[in-house]
$ cat upload-v6.cif   # mmCIF, C-alpha atoms
data_coords
loop_
_atom_site.label_atom_id
_atom_site.label_comp_id
_atom_site.auth_asym_id
_atom_site.auth_seq_id
_atom_site.Cartn_x
_atom_site.Cartn_y
_atom_site.Cartn_z
CA MET A 5 -5.00 22.00 13.75
CA ALA A 6 -2.36 21.48 11.07
CA MET A 7 -2.99 18.70 8.59
CA LEU A 8 -0.57 17.10 6.14
CA ALA A 9 -1.16 16.48 2.44
CA VAL A 10 0.79 14.30 0.03
CA GLU A 11 2.40 15.60 -3.15
CA LEU A 12 1.26 14.15 -6.49
CA LYS A 13 3.78 12.00 -8.35
CA PRO A 14 4.93 13.84 -11.51
CA THR A 15 4.99 12.18 -14.92
CA ILE A 16 5.37 13.01 -18.59
CA GLN A 17 3.17 11.99 -21.49
CA THR A 18 3.84 8.59 -23.02
CA ASP A 19 3.22 7.20 -26.48
CA PHE A 20 0.62 4.44 -26.61
CA ALA A 21 0.09 4.69 -30.37
CA ALA A 22 3.22 3.10 -31.89
CA PRO A 23 3.49 0.01 -29.64
CA LEU A 24 -0.27 -0.66 -29.57
CA LYS A 25 -0.62 -0.33 -33.36
CA ARG A 26 2.33 -2.65 -33.90
CA HIS A 27 0.79 -5.30 -31.63
CA ILE A 28 -2.65 -4.98 -33.25
CA GLU A 29 -1.15 -5.59 -36.67
CA GLU A 30 1.23 -8.39 -35.66
CA ALA A 31 -0.95 -10.27 -33.17
CA TYR A 32 -4.43 -9.77 -34.61
CA GLY A 33 -3.72 -9.07 -38.27
CA GLU A 34 -6.00 -6.03 -38.24
CA ASP A 35 -5.57 -2.53 -39.62
CA PRO A 36 -4.29 -0.44 -36.66
CA ALA A 37 -5.62 2.73 -38.28
CA ALA A 38 -9.12 1.57 -37.35
CA TYR A 39 -8.21 2.01 -33.69
CA GLN A 40 -6.60 5.43 -33.96
CA GLU A 41 -9.54 7.27 -32.40
CA CYS A 42 -9.59 4.94 -29.39
CA ILE A 43 -5.85 5.37 -28.91
CA ASN A 44 -6.22 9.15 -29.15
CA LYS A 45 -8.86 9.08 -26.41
CA LEU A 46 -6.60 6.98 -24.20
CA GLN A 47 -3.73 9.43 -24.74
CA ALA A 48 -6.00 12.38 -23.91
CA LEU A 49 -7.31 10.68 -20.78
CA ARG A 50 -3.79 10.04 -19.47
CA LEU A 51 -2.83 13.62 -20.25
CA SER A 52 -5.72 15.04 -18.21
CA ALA A 53 -5.51 12.48 -15.41
CA VAL A 54 -1.80 12.36 -14.57
CA VAL A 55 0.25 14.76 -16.72
CA ASN A 56 -1.91 17.85 -16.18
CA PRO A 57 -4.08 16.79 -13.23
CA SER A 58 -6.86 18.93 -11.85
CA PRO A 59 -6.49 19.37 -8.04
CA ASP A 60 -10.17 18.75 -7.29
CA GLU A 61 -12.81 16.04 -7.34
CA ALA A 62 -12.95 16.17 -11.14
CA GLY A 63 -9.24 15.34 -11.13
CA ARG A 64 -9.86 12.43 -8.77
CA ASP A 65 -12.58 11.10 -11.08
CA ALA A 66 -10.24 11.38 -14.07
CA LEU A 67 -7.67 9.29 -12.22
CA TYR A 68 -10.27 6.61 -11.51
CA ARG A 69 -11.36 6.57 -15.16
CA TYR A 70 -7.79 6.24 -16.39
CA TYR A 71 -7.11 3.43 -13.91
CA ALA A 72 -10.20 1.60 -15.16
CA GLN A 73 -8.95 1.95 -18.74
CA LEU A 74 -5.60 0.47 -17.71
CA GLU A 75 -7.41 -2.51 -16.21
CA MET A 76 -9.27 -3.09 -19.49
CA LEU A 77 -6.16 -2.50 -21.59
CA GLU A 78 -4.20 -5.02 -19.54
CA LEU A 79 -6.73 -7.73 -20.45
CA ARG A 80 -6.06 -7.24 -24.18
CA PHE A 81 -2.41 -6.20 -24.41
CA PRO A 82 0.63 -7.65 -22.59
CA LEU A 83 2.00 -4.30 -21.39
CA CYS A 84 5.43 -5.36 -20.14
CA GLU A 85 9.08 -5.46 -21.11
CA ASN A 86 8.70 -8.68 -23.09
CA GLY A 87 5.40 -7.68 -24.67
CA VAL A 88 3.95 -4.35 -25.73
CA ARG A 89 6.64 -1.90 -24.63
CA VAL A 90 4.91 1.31 -23.57
CA THR A 91 7.26 3.51 -21.56
CA PHE A 92 5.88 4.81 -18.25
CA GLN A 93 8.05 7.46 -16.58
CA TRP A 94 7.28 8.76 -13.08
CA GLY A 95 9.08 10.87 -10.51
CA ASP A 96 9.57 9.78 -6.90
CA VAL A 97 8.11 12.43 -4.56
CA LEU A 98 10.63 11.50 -1.87
CA THR A 99 13.93 11.14 -3.71
CA LYS A 100 12.99 13.45 -6.64
CA GLN A 101 14.47 10.88 -9.05
CA SER A 102 12.65 9.63 -12.15
CA LEU A 103 12.24 6.03 -13.19
CA SER A 104 10.92 4.55 -16.44
CA GLN A 105 9.48 1.05 -16.81
CA PHE A 106 7.44 -0.90 -19.37
CA SER A 107 5.33 -2.50 -16.63
CA VAL A 108 1.63 -1.58 -16.49
CA ALA A 109 1.68 -2.62 -12.81
CA TYR A 110 4.09 0.26 -12.18
CA GLU A 111 1.78 2.65 -14.03
CA LYS A 112 -1.25 1.44 -12.05
CA ALA A 113 0.54 1.76 -8.70
CA CYS A 114 1.62 5.31 -9.54
CA VAL A 115 -1.88 6.29 -10.66
CA LEU A 116 -3.36 4.93 -7.44
CA PHE A 117 -0.71 6.77 -5.42
CA ASN A 118 -1.97 9.99 -6.98
CA VAL A 119 -5.55 9.02 -6.11
CA GLY A 120 -4.49 8.73 -2.48
CA ALA A 121 -2.43 11.91 -2.65
CA LEU A 122 -5.32 13.86 -4.17
CA HIS A 123 -7.71 12.60 -1.50
CA SER A 124 -5.23 13.84 1.12
CA GLN A 125 -5.13 17.25 -0.56
CA LEU A 126 -8.91 17.43 -0.75
CA GLY A 127 -9.10 16.57 2.95
CA HIS A 128 -6.52 19.20 3.77
CA ALA A 129 -8.46 21.83 1.83
CA GLN A 130 -11.62 21.45 3.91
CA ASP A 131 -12.68 23.90 6.61
CA ILE A 132 -12.71 21.59 9.61
CA ASN A 133 -14.25 24.31 11.78
CA THR A 134 -17.62 23.47 10.21
CA ASP A 135 -19.60 20.25 10.56
CA ALA A 136 -19.80 19.74 6.80
CA GLY A 137 -16.11 20.48 6.36
CA VAL A 138 -14.94 18.11 9.08
CA LYS A 139 -17.08 15.30 7.64
CA ARG A 140 -15.66 15.83 4.16
CA ALA A 141 -12.10 16.02 5.51
CA SER A 142 -12.53 12.80 7.47
CA HIS A 143 -13.97 11.07 4.39
CA HIS A 144 -11.06 12.11 2.19
CA PHE A 145 -8.42 11.13 4.77
CA GLN A 146 -10.02 7.72 5.23
CA ALA A 147 -10.23 7.26 1.45
CA ALA A 148 -6.54 8.19 1.12
CA ALA A 149 -5.62 5.69 3.84
CA GLY A 150 -7.52 2.93 2.05
CA VAL A 151 -5.83 3.64 -1.28
CA PHE A 152 -2.31 3.69 0.20
CA HIS A 153 -3.04 0.45 2.06
CA TYR A 154 -4.38 -1.17 -1.12
CA ILE A 155 -1.21 -0.32 -3.06
CA ALA A 156 0.98 -1.75 -0.29
CA GLU A 157 -0.99 -5.01 -0.25
CA ASN A 158 -1.35 -5.50 -4.02
CA PHE A 159 1.79 -4.13 -5.69
CA MET A 160 4.94 -5.88 -4.55
CA HIS A 161 8.61 -5.09 -5.29
CA ALA A 162 8.18 -1.32 -5.46
CA PRO A 163 10.88 0.21 -7.69
CA THR A 164 10.77 3.63 -5.97
CA THR A 165 10.81 4.76 -2.35
CA ASP A 166 7.48 6.57 -2.32
CA ILE A 167 5.50 3.46 -3.29
CA SER A 168 7.46 1.14 -1.01
CA ARG A 169 5.63 -0.69 1.77
CA ASP A 170 7.42 1.43 4.39
CA SER A 171 6.29 4.70 2.82
CA LEU A 172 2.76 3.52 2.09
CA GLY A 173 2.34 2.06 5.57
CA MET A 174 3.33 5.38 7.12
CA LEU A 175 1.04 7.35 4.81
CA SER A 176 -1.92 5.08 5.44
CA LEU A 177 -1.52 5.36 9.20
CA LEU A 178 -1.04 9.12 8.98
CA MET A 179 -4.26 9.53 7.00
CA VAL A 180 -6.19 7.41 9.52
CA SER A 181 -4.68 9.51 12.30
CA GLN A 182 -5.87 12.70 10.66
CA ALA A 183 -9.36 11.26 10.20
CA GLN A 184 -9.36 10.45 13.93
CA GLU A 185 -8.24 14.00 14.60
CA CYS A 186 -11.30 15.28 12.71
CA PHE A 187 -13.60 13.28 14.98
CA LEU A 188 -11.75 14.61 18.01
CA ASP A 189 -12.00 18.24 16.88
CA LYS A 190 -15.73 17.88 16.31
CA SER A 191 -16.28 16.26 19.71
CA VAL A 192 -14.48 19.15 21.41
CA ARG A 193 -16.41 21.72 19.41
CA ASP A 194 -19.70 19.98 20.20
CA ASN A 195 -18.87 19.94 23.95
CA LYS A 196 -19.15 16.16 24.19
CA LYS A 197 -18.61 14.44 27.52
CA SER A 198 -15.07 14.62 28.83
CA SER A 199 -14.87 10.83 28.99
CA LEU A 200 -15.54 10.56 25.23
CA VAL A 201 -13.15 13.37 24.32
CA ALA A 202 -10.46 11.75 26.47
CA LYS A 203 -10.82 8.41 24.65
CA LEU A 204 -10.67 10.05 21.22
CA ALA A 205 -7.68 12.18 22.23
CA MET A 206 -5.75 9.22 23.58
CA GLN A 207 -6.42 7.25 20.38
CA ALA A 208 -5.20 10.20 18.32
CA ALA A 209 -2.09 10.46 20.50
CA ARG A 210 -1.28 6.76 20.09
CA MET A 211 -1.80 6.88 16.32
CA HIS A 212 0.46 9.89 15.88
CA ASP A 213 3.05 8.28 18.13
CA GLU A 214 3.05 5.26 15.80
CA VAL A 215 3.50 7.58 12.81
CA VAL A 216 6.46 9.16 14.58
CA THR A 217 8.03 5.72 15.03
CA LEU A 218 7.64 5.01 11.30
CA LEU A 219 9.05 8.42 10.35
CA LYS A 220 12.12 7.67 12.47
CA SER A 221 12.66 4.30 10.79
CA GLU A 222 15.79 3.70 8.75
CA ALA A 223 13.76 3.53 5.54
CA LEU A 224 12.16 6.96 5.92
CA ARG A 225 14.13 9.20 8.27
CA GLU A 226 16.45 10.49 5.56
CA VAL A 227 13.83 11.08 2.84
CA VAL A 228 10.77 12.61 4.53
CA GLU A 229 11.03 16.28 5.39
CA PRO A 230 11.80 16.96 9.10
CA ALA A 231 8.70 19.14 9.46
CA TRP A 232 6.54 16.02 9.25
CA LEU A 233 8.32 14.41 12.19
CA ALA A 234 8.21 17.64 14.21
CA LEU A 235 4.49 18.14 13.62
CA CYS A 236 3.49 14.54 14.33
CA SER A 237 5.62 14.51 17.50
CA ALA A 238 3.98 17.73 18.69
CA LYS A 239 0.53 16.35 17.94
CA ALA A 240 1.22 13.14 19.86
CA LEU A 241 2.19 15.18 22.93
CA TYR A 242 -0.68 17.61 22.52
CA PHE A 243 -3.34 14.91 22.19
CA ALA A 244 -1.93 12.99 25.16
CA GLY A 245 -2.11 16.17 27.22
CA LEU A 246 -5.63 16.85 26.00
CA ALA A 247 -6.64 13.34 27.03
CA HIS A 248 -5.27 13.84 30.56
CA HIS A 249 -7.03 17.21 30.75
CA HIS A 250 -10.42 15.68 29.93
CA VAL A 251 -9.87 12.63 32.15
CA SER A 252 -9.13 15.09 34.95
CA ALA A 253 -12.35 16.98 34.20
CA ASP A 254 -14.31 13.72 34.18
CA TYR A 255 -12.93 12.69 37.56
CA GLY A 256 -13.67 16.17 38.88
CA ALA A 257 -17.30 15.85 37.84
CA ARG A 258 -17.45 12.61 39.83
CA GLU A 259 -15.70 14.25 42.80
CA ALA A 260 -12.72 11.90 42.57
CA TRP A 261 -10.39 14.69 43.60
CA GLY A 262 -7.18 12.69 43.87
CA LEU A 263 -7.44 11.27 40.39
CA GLN A 264 -8.47 14.67 39.07
CA VAL A 265 -5.30 16.25 40.40
CA ALA A 266 -3.12 13.36 39.20
CA HIS A 267 -4.31 13.66 35.59
CA ALA A 268 -4.22 17.46 35.72
CA ARG A 269 -0.56 17.25 36.68
CA ALA A 270 0.11 14.70 33.92
CA ALA A 271 -1.12 17.12 31.25
CA PRO A 272 1.66 19.38 29.93
CA ARG A 273 1.25 23.08 30.72
CA PRO A 274 0.34 24.99 28.69
CA LEU A 275 -1.37 22.72 26.21
CA TRP A 276 0.09 23.86 22.89
CA ARG A 277 -2.12 23.57 19.81
CA PRO A 278 -0.33 23.38 16.42
CA SER A 279 -1.68 25.95 13.98
CA HIS A 280 -3.46 25.02 10.75
CA THR A 281 -0.76 25.07 8.10
CA SER A 282 -0.05 23.43 4.78
CA ALA A 283 2.54 20.73 4.16
CA THR A 284 3.32 18.25 1.42
CA LEU A 285 5.35 15.06 1.25
CA ALA A 286 8.82 16.04 0.13
CA PRO A 287 12.42 15.64 1.39
#

$ encode --input "upload-v6.cif" --output "structure tokens"
Amino acid sequence: MAMLAVELKPTIQTDFAAPLKRHIEEAYGEDPAAYQECINKLQALRLSAVVNPSPDEAGRDALYRYYAQLEMLELRFPLCENGVRVTFQWGDVLTKQSLSQFSVAYEKACVLFNVGALHSQLGHAQDINTDAGVKRASHHFQAAAGVFHYIAENFMHAPTTDISRDSLGMLSLLMVSQAQECFLDKSVRDNKKSSLVAKLAMQAARMHDEVVTLLKSEALREVVEPAWLALCSAKALYFAGLAHHHVSADYGAREAWGLQVAHARAAPRPLWRPSHTSATLAP
């Protein structure tokens, strides 16, 4: 089954050295040269975490480490337009436009977005035809959903479309939907009872239908690539049909012939299964 992954936000390297050294000298009266090694390490960490990210779990860990450093840095330096002016420039994965700000909150939101995006890519990369692969995929999709939800709840007044509440709400729901899809695939592969498969399939159908509604919203319909809407719409129909198919089988096992036929007729024929392909968030 096709899964969707989110593109990483692009950025360029920034200069921490000059503004931090100036603040150290002016605010604390200390020799900024004594902190050069620490600043160099911070620069190197940002370079590896967000400028030249590694598309694997090591890259995810680097993002977490850099985010933790930003949290510590924020306690000691007023990183904002009216304080220590460090320029943070990021690209919007939806509009492809770049925006620079002095706000560390903007930097933190963008870093977390890439944590969620990387989790989505790691989930997409798993072989969901194996038990171990489907568990890892589900874990990564759920982690991505949690990160996108956290950004939406904790970083207000998003300056770019991709980290807006509309975008993040859609991405969070999509990732949860794909995690649900993993559970469904495993239940089918494990020949679980039709009643259980039907419940999981109907939940997956409803979730994807909600994603479709968000993708059609005024805020997103012009900026998210049409393939996302087409795939999620197809999945919603497919999972609904799969649910009817298994409800029909369940009624058949209980010799409730009328209900069996009714649900069999409700399932689209033939049930079409989207192929496993790659996709990223882009216009």

$ closest_residue --input "upload-v6.cif" --among "A:Ala147, A:Ala66, A:Ala209, A:Leu224" --to "Asp170 (chain A)" --atoms "all atoms listed in the file"
A:Leu224

$ resolve_selection --input "upload-v6.cif" --expression "the PyMOL selection byres ((chain A and resi 47) around 9)" --output "list in words"
Gln17, Thr18, Asp19, Phe20, Ala21, Cys42, Ile43, Asn44, Lys45, Leu46, Ala48, Leu49, Arg50, Leu51 and Ser52 of chain A

$ closest_residue --input "upload-v6.cif" --among "A:Glu157, A:Glu61, A:Glu34, A:Asp213" --to "Ala238 (chain A)" --atoms "all atoms listed in the file"
A:Asp213

$ resolve_selection --input "upload-v6.cif" --expression "the PyMOL selection byres ((chain A and resi 98-112) around 7)" --output "list in words"
Tyr71, Leu83, Cys84, Glu85, Arg89, Val90, Thr91, Phe92, Gln93, Trp94, Gly95, Asp96, Val97, Ala113, Cys114, Val115, Leu116, Thr165, Asp166, Val227, Val228, Ala286 and Pro287 of chain A

$ closest_residue --input "upload-v6.cif" --among "A:Ser124, A:Asn118, A:Gln207, A:Asn86" --to "Ala141 (chain A)" --atoms "all atoms listed in the file"
A:Ser124

$ residues_around --input "upload-v6.cif" --residues "Ala129 (chain A)" --least-positions-apart "4" --cutoff "12 Å" --atoms "only C-alpha atoms" --output "list of chain:residue names"
A:Ala6, A:Met7, A:Leu8, A:Ala9, A:Pro59, A:Asp60, A:Glu61, A:Leu122, A:His123, A:Ser124, A:Gln125, A:Asn133, A:Gly137, A:Val138, A:Arg140, A:Ala141, A:Ser142, A:His144, A:Phe145, A:His280, A:Thr281, A:Ser282, A:Ala283

$ closest_residue --input "upload-v6.cif" --among "A:Ile132, A:Leu233, A:Leu12, A:Leu218" --to "Glu185 (chain A)" --atoms "all atoms listed in the file"
A:Ile132

$ residues_near_point --input "upload-v6.cif" --point "(-5.8, 1.2, -39.0)" --cutoff "12 Å" --atoms "only C-alpha atoms" --output "PyMOL selection string"
chain A and resi 21-22+24-29+32-43

$ build_atoms --input "upload-v6.cif" --residues "region 9-20 of chain A" --atoms "all heavy atoms" --output "PDB file, in the frame of the given file"
ATOM      1  N   ALA A   9      -0.701  16.972   3.736  1.00  0.00           N
ATOM      2  CA  ALA A   9      -1.160  16.480   2.440  1.00  0.00           C
ATOM      3  C   ALA A   9       0.018  15.929   1.666  1.00  0.00           C
ATOM      4  O   ALA A   9       1.163  16.335   1.877  1.00  0.00           O
ATOM      5  CB  ALA A   9      -1.840  17.608   1.658  1.00  0.00           C
ATOM      6  N   VAL A  10      -0.256  15.001   0.780  1.00  0.00           N
ATOM      7  CA  VAL A  10       0.790  14.300   0.030  1.00  0.00           C
ATOM      8  C   VAL A  10       0.913  14.886  -1.372  1.00  0.00           C
ATOM      9  O   VAL A  10      -0.088  15.146  -2.038  1.00  0.00           O
ATOM     10  CB  VAL A  10       0.481  12.793  -0.053  1.00  0.00           C
ATOM     11  CG1 VAL A  10       1.612  12.049  -0.741  1.00  0.00           C
ATOM     12  CG2 VAL A  10       0.241  12.227   1.348  1.00  0.00           C
ATOM     13  N   GLU A  11       2.126  15.058  -1.815  1.00  0.00           N
ATOM     14  CA  GLU A  11       2.400  15.600  -3.150  1.00  0.00           C
ATOM     15  C   GLU A  11       2.060  14.569  -4.230  1.00  0.00           C
ATOM     16  O   GLU A  11       2.272  13.361  -4.053  1.00  0.00           O
ATOM     17  CB  GLU A  11       3.886  15.957  -3.219  1.00  0.00           C
ATOM     18  CG  GLU A  11       4.353  16.543  -4.527  1.00  0.00           C
ATOM     19  CD  GLU A  11       5.855  16.811  -4.515  1.00  0.00           C
ATOM     20  OE1 GLU A  11       6.453  16.859  -3.426  1.00  0.00           O
ATOM     21  OE2 GLU A  11       6.420  16.964  -5.615  1.00  0.00           O
ATOM     22  N   LEU A  12       1.540  15.034  -5.357  1.00  0.00           N
ATOM     23  CA  LEU A  12       1.260  14.150  -6.490  1.00  0.00           C
ATOM     24  C   LEU A  12       2.562  13.725  -7.170  1.00  0.00           C
ATOM     25  O   LEU A  12       3.490  14.526  -7.314  1.00  0.00           O
ATOM     26  CB  LEU A  12       0.384  14.866  -7.521  1.00  0.00           C
ATOM     27  CG  LEU A  12      -1.042  15.225  -7.108  1.00  0.00           C
ATOM     28  CD1 LEU A  12      -1.689  16.088  -8.182  1.00  0.00           C
ATOM     29  CD2 LEU A  12      -1.873  13.985  -6.852  1.00  0.00           C
ATOM     30  N   LYS A  13       2.610  12.472  -7.592  1.00  0.00           N
ATOM     31  CA  LYS A  13       3.780  12.000  -8.350  1.00  0.00           C
ATOM     32  C   LYS A  13       3.762  12.649  -9.731  1.00  0.00           C
ATOM     33  O   LYS A  13       2.750  12.611 -10.433  1.00  0.00           O
ATOM     34  CB  LYS A  13       3.741  10.476  -8.510  1.00  0.00           C
ATOM     35  CG  LYS A  13       4.092   9.716  -7.248  1.00  0.00           C
ATOM     36  CD  LYS A  13       3.946   8.225  -7.439  1.00  0.00           C
ATOM     37  CE  LYS A  13       4.965   7.644  -8.391  1.00  0.00           C
ATOM     38  NZ  LYS A  13       6.353   7.725  -7.881  1.00  0.00           N
ATOM     39  N   PRO A  14       4.881  13.226 -10.172  1.00  0.00           N
ATOM     40  CA  PRO A  14       4.930  13.840 -11.510  1.00  0.00           C
ATOM     41  C   PRO A  14       5.221  12.794 -12.585  1.00  0.00           C
ATOM     42  O   PRO A  14       5.882  11.782 -12.334  1.00  0.00           O
ATOM     43  CB  PRO A  14       6.084  14.830 -11.382  1.00  0.00           C
ATOM     44  CG  PRO A  14       6.999  14.187 -10.375  1.00  0.00           C
ATOM     45  CD  PRO A  14       6.116  13.455  -9.404  1.00  0.00           C
ATOM     46  N   THR A  15       4.729  13.062 -13.784  1.00  0.00           N
ATOM     47  CA  THR A  15       4.990  12.180 -14.920  1.00  0.00           C
ATOM     48  C   THR A  15       5.007  13.002 -16.193  1.00  0.00           C
ATOM     49  O   THR A  15       4.667  14.192 -16.181  1.00  0.00           O
ATOM     50  CB  THR A  15       3.922  11.072 -15.007  1.00  0.00           C
ATOM     51  OG1 THR A  15       4.265  10.145 -16.057  1.00  0.00           O
ATOM     52  CG2 THR A  15       2.547  11.655 -15.305  1.00  0.00           C
ATOM     53  N   ILE A  16       5.416  12.375 -17.275  1.00  0.00           N
ATOM     54  CA  ILE A  16       5.370  13.010 -18.590  1.00  0.00           C
ATOM     55  C   ILE A  16       4.492  12.152 -19.486  1.00  0.00           C
ATOM     56  O   ILE A  16       4.230  10.984 -19.188  1.00  0.00           O
ATOM     57  CB  ILE A  16       6.773  13.170 -19.207  1.00  0.00           C
ATOM     58  CG1 ILE A  16       7.450  11.797 -19.369  1.00  0.00           C
ATOM     59  CG2 ILE A  16       7.631  14.095 -18.355  1.00  0.00           C
ATOM     60  CD1 ILE A  16       8.773  11.854 -20.103  1.00  0.00           C
ATOM     61  N   GLN A  17       4.039  12.739 -20.585  1.00  0.00           N
ATOM     62  CA  GLN A  17       3.170  11.990 -21.490  1.00  0.00           C
ATOM     63  C   GLN A  17       3.939  10.851 -22.143  1.00  0.00           C
ATOM     64  O   GLN A  17       5.141  10.956 -22.400  1.00  0.00           O
ATOM     65  CB  GLN A  17       2.580  12.917 -22.549  1.00  0.00           C
ATOM     66  CG  GLN A  17       1.556  12.249 -23.455  1.00  0.00           C
ATOM     67  CD  GLN A  17       0.324  11.733 -22.727  1.00  0.00           C
ATOM     68  OE1 GLN A  17       0.418  10.989 -21.762  1.00  0.00           O
ATOM     69  NE2 GLN A  17      -0.851  12.137 -23.221  1.00  0.00           N
ATOM     70  N   THR A  18       3.241   9.757 -22.379  1.00  0.00           N
ATOM     71  CA  THR A  18       3.840   8.590 -23.020  1.00  0.00           C
ATOM     72  C   THR A  18       3.158   8.327 -24.351  1.00  0.00           C
ATOM     73  O   THR A  18       2.077   8.862 -24.625  1.00  0.00           O
ATOM     74  CB  THR A  18       3.728   7.354 -22.104  1.00  0.00           C
ATOM     75  OG1 THR A  18       4.558   6.306 -22.600  1.00  0.00           O
ATOM     76  CG2 THR A  18       2.283   6.871 -22.023  1.00  0.00           C
ATOM     77  N   ASP A  19       3.775   7.505 -25.162  1.00  0.00           N
ATOM     78  CA  ASP A  19       3.220   7.200 -26.480  1.00  0.00           C
ATOM     79  C   ASP A  19       2.618   5.798 -26.480  1.00  0.00           C
ATOM     80  O   ASP A  19       3.335   4.801 -26.443  1.00  0.00           O
ATOM     81  CB  ASP A  19       4.322   7.291 -27.543  1.00  0.00           C
ATOM     82  CG  ASP A  19       3.819   6.892 -28.931  1.00  0.00           C
ATOM     83  OD1 ASP A  19       2.622   7.122 -29.203  1.00  0.00           O
ATOM     84  OD2 ASP A  19       4.617   6.348 -29.711  1.00  0.00           O
ATOM     85  N   PHE A  20       1.294   5.727 -26.488  1.00  0.00           N
ATOM     86  CA  PHE A  20       0.620   4.440 -26.610  1.00  0.00           C
ATOM     87  C   PHE A  20       0.528   4.003 -28.072  1.00  0.00           C
ATOM     88  O   PHE A  20       0.466   2.812 -28.368  1.00  0.00           O
ATOM     89  CB  PHE A  20      -0.807   4.532 -26.049  1.00  0.00           C
ATOM     90  CG  PHE A  20      -0.905   4.475 -24.558  1.00  0.00           C
ATOM     91  CD1 PHE A  20      -1.140   5.615 -23.815  1.00  0.00           C
ATOM     92  CD2 PHE A  20      -0.771   3.265 -23.891  1.00  0.00           C
ATOM     93  CE1 PHE A  20      -1.242   5.557 -22.438  1.00  0.00           C
ATOM     94  CE2 PHE A  20      -0.869   3.190 -22.518  1.00  0.00           C
ATOM     95  CZ  PHE A  20      -1.109   4.349 -21.784  1.00  0.00           C
TER      96      PHE A  20
END
